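A quick write-up on the structure given underneath.
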Amino acid sequence: MTSCMAGQPLTVVVQRIQIQKLRHGANLILGFSIGGGIDQDPGQNPFSDDKTDKGIYVTRISPRGPAEEAGLRMGDKIMQVNGWDMTMVTHDQARKRLTKKNEDVVRLLVTRKSLEEAVKHSMGSYPRQ
């Protein structure tokens, strides 16, 4: 899914990912870790070239866990969780939104560098008129 129009700059390329939490006793497991947030130092983010980016990023994926099975990747930037905007939240707010006890399914809207590069490359391969 892209939000661009012919002749206009590309704004963002996103992918929808739905993760079914794994029940482990009283816990619901997603199988990934996050980093970032408006209260964190964006200079420490290894996934963004923009060292002012305070977004929430996937920093670790558990092998064969629910997140990996759903197609989430390390370095993905989380834009939304179940419809909630995640672009201007603290690390703790993001963690709480992802780990709500009464939600068995988490619907994410993510962007990833490889998606953006693929779209830019395909758009650049068409002959100009």
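Going through the structure tokens in order, the chains are called A, B, and so on, while each chain numbers its residues from 1 and the ligands are numbered from 1 in the order shown.
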
| request: Give me the residues within 8 Å of Tyr57 in chain A as a list in words, counting only C-alpha atoms and dropping any in the same chain fewer than 2 places off. | output: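 The neighbour list is Ile34, Gly35, Gly36, Phe47, Gly55, Thr59, Met74, Gly75, Asp76, Lys77 and Ile78 of chain A.
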
| For Thr52 in chain A, which residue out of A:Arg112, A:Asp39, A:Glu69, A:Leu98 is the nearest one, using only C-alpha atoms? |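 Looking at the shortest contact to Thr52 in chain A, the residue is A:Asp39.
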
| request: Tell me which protein, DNA and RNA residues are within 10 Å of range 84-89 of chain A, counting only C-alpha atoms, leaving out same-chain ones fewer than 4 positions away, and put them as number ranges by chain. | output: A: 36-39, 53-56, 77-80, 93-95, 97, 107-109

| said: With only C-alpha atoms as the counted atoms, please give the residues lying no more than 10 Å from Ile61 in chain A, apart from itself and same-chain residues fewer than 4 positions off, as a list in words. | reply: Leu30, Gly31, Phe32, Ser33, Ile34, Gly65, Pro66, Ala67, Glu68, Leu72, Arg73, Met74 and Gly75 of chain A

For those residues, write N, CA and C atoms to a file as a PDB file, in the first residue's frame.
```pdb
ATOM      1  N   LEU A  30       3.924 -11.696  22.257  1.00  0.00           N
ATOM      2  CA  LEU A  30       3.963 -11.193  20.888  1.00  0.00           C
ATOM      3  C   LEU A  30       5.193 -11.713  20.135  1.00  0.00           C
ATOM      4  N   GLY A  31       6.301 -11.868  20.844  1.00  0.00           N
ATOM      5  CA  GLY A  31       7.510 -12.387  20.205  1.00  0.00           C
ATOM      6  C   GLY A  31       8.382 -11.334  19.562  1.00  0.00           C
ATOM      7  N   PHE A  32       8.324 -10.090  20.069  1.00  0.00           N
ATOM      8  CA  PHE A  32       9.255  -9.077  19.589  1.00  0.00           C
ATOM      9  C   PHE A  32       9.468  -8.012  20.651  1.00  0.00           C
ATOM     10  N   SER A  33      10.563  -7.268  20.478  1.00  0.00           N
ATOM     11  CA  SER A  33      10.902  -6.165  21.385  1.00  0.00           C
ATOM     12  C   SER A  33      10.939  -4.873  20.585  1.00  0.00           C
ATOM     13  N   ILE A  34      10.729  -3.764  21.303  1.00  0.00           N
ATOM     14  CA  ILE A  34      10.741  -2.449  20.646  1.00  0.00           C
ATOM     15  C   ILE A  34      11.791  -1.543  21.269  1.00  0.00           C
ATOM     16  N   GLY A  65       8.434 -17.155  16.616  1.00  0.00           N
ATOM     17  CA  GLY A  65       7.408 -16.574  17.490  1.00  0.00           C
ATOM     18  C   GLY A  65       6.270 -15.978  16.683  1.00  0.00           C
ATOM     19  N   PRO A  66       5.231 -15.509  17.361  1.00  0.00           N
ATOM     20  CA  PRO A  66       4.055 -14.950  16.680  1.00  0.00           C
ATOM     21  C   PRO A  66       4.392 -13.794  15.731  1.00  0.00           C
ATOM     22  N   ALA A  67       5.310 -12.918  16.117  1.00  0.00           N
ATOM     23  CA  ALA A  67       5.655 -11.767  15.272  1.00  0.00           C
ATOM     24  C   ALA A  67       6.355 -12.220  13.990  1.00  0.00           C
ATOM     25  N   GLU A  68       7.302 -13.148  14.117  1.00  0.00           N
ATOM     26  CA  GLU A  68       8.005 -13.649  12.932  1.00  0.00           C
ATOM     27  C   GLU A  68       7.031 -14.365  12.000  1.00  0.00           C
ATOM     28  N   LEU A  72       6.543  -9.739  10.666  1.00  0.00           N
ATOM     29  CA  LEU A  72       7.222  -8.563  11.218  1.00  0.00           C
ATOM     30  C   LEU A  72       8.729  -8.771  11.096  1.00  0.00           C
ATOM     31  N   ARG A  73       9.462  -7.675  10.862  1.00  0.00           N
ATOM     32  CA  ARG A  73      10.915  -7.776  10.709  1.00  0.00           C
ATOM     33  C   ARG A  73      11.624  -6.793  11.623  1.00  0.00           C
ATOM     34  N   MET A  74      12.856  -7.151  11.981  1.00  0.00           N
ATOM     35  CA  MET A  74      13.682  -6.254  12.763  1.00  0.00           C
ATOM     36  C   MET A  74      13.918  -4.985  11.950  1.00  0.00           C
ATOM     37  N   GLY A  75      13.769  -3.836  12.595  1.00  0.00           N
ATOM     38  CA  GLY A  75      13.952  -2.570  11.902  1.00  0.00           C
ATOM     39  C   GLY A  75      12.653  -1.951  11.414  1.00  0.00           C
TER      40      GLY A  75
END
```

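The environment of Asp104 in chain A within 12 Å, counting only C-alpha atoms and disregarding residues fewer than 6 places along the same chain, consists of Gln18, Ile19, Gln20, Lys21, Leu22, Arg23, His24, Asn27, Leu28, Ile29, Leu30, Pro66, Asn82 and Leu98 of chain A.
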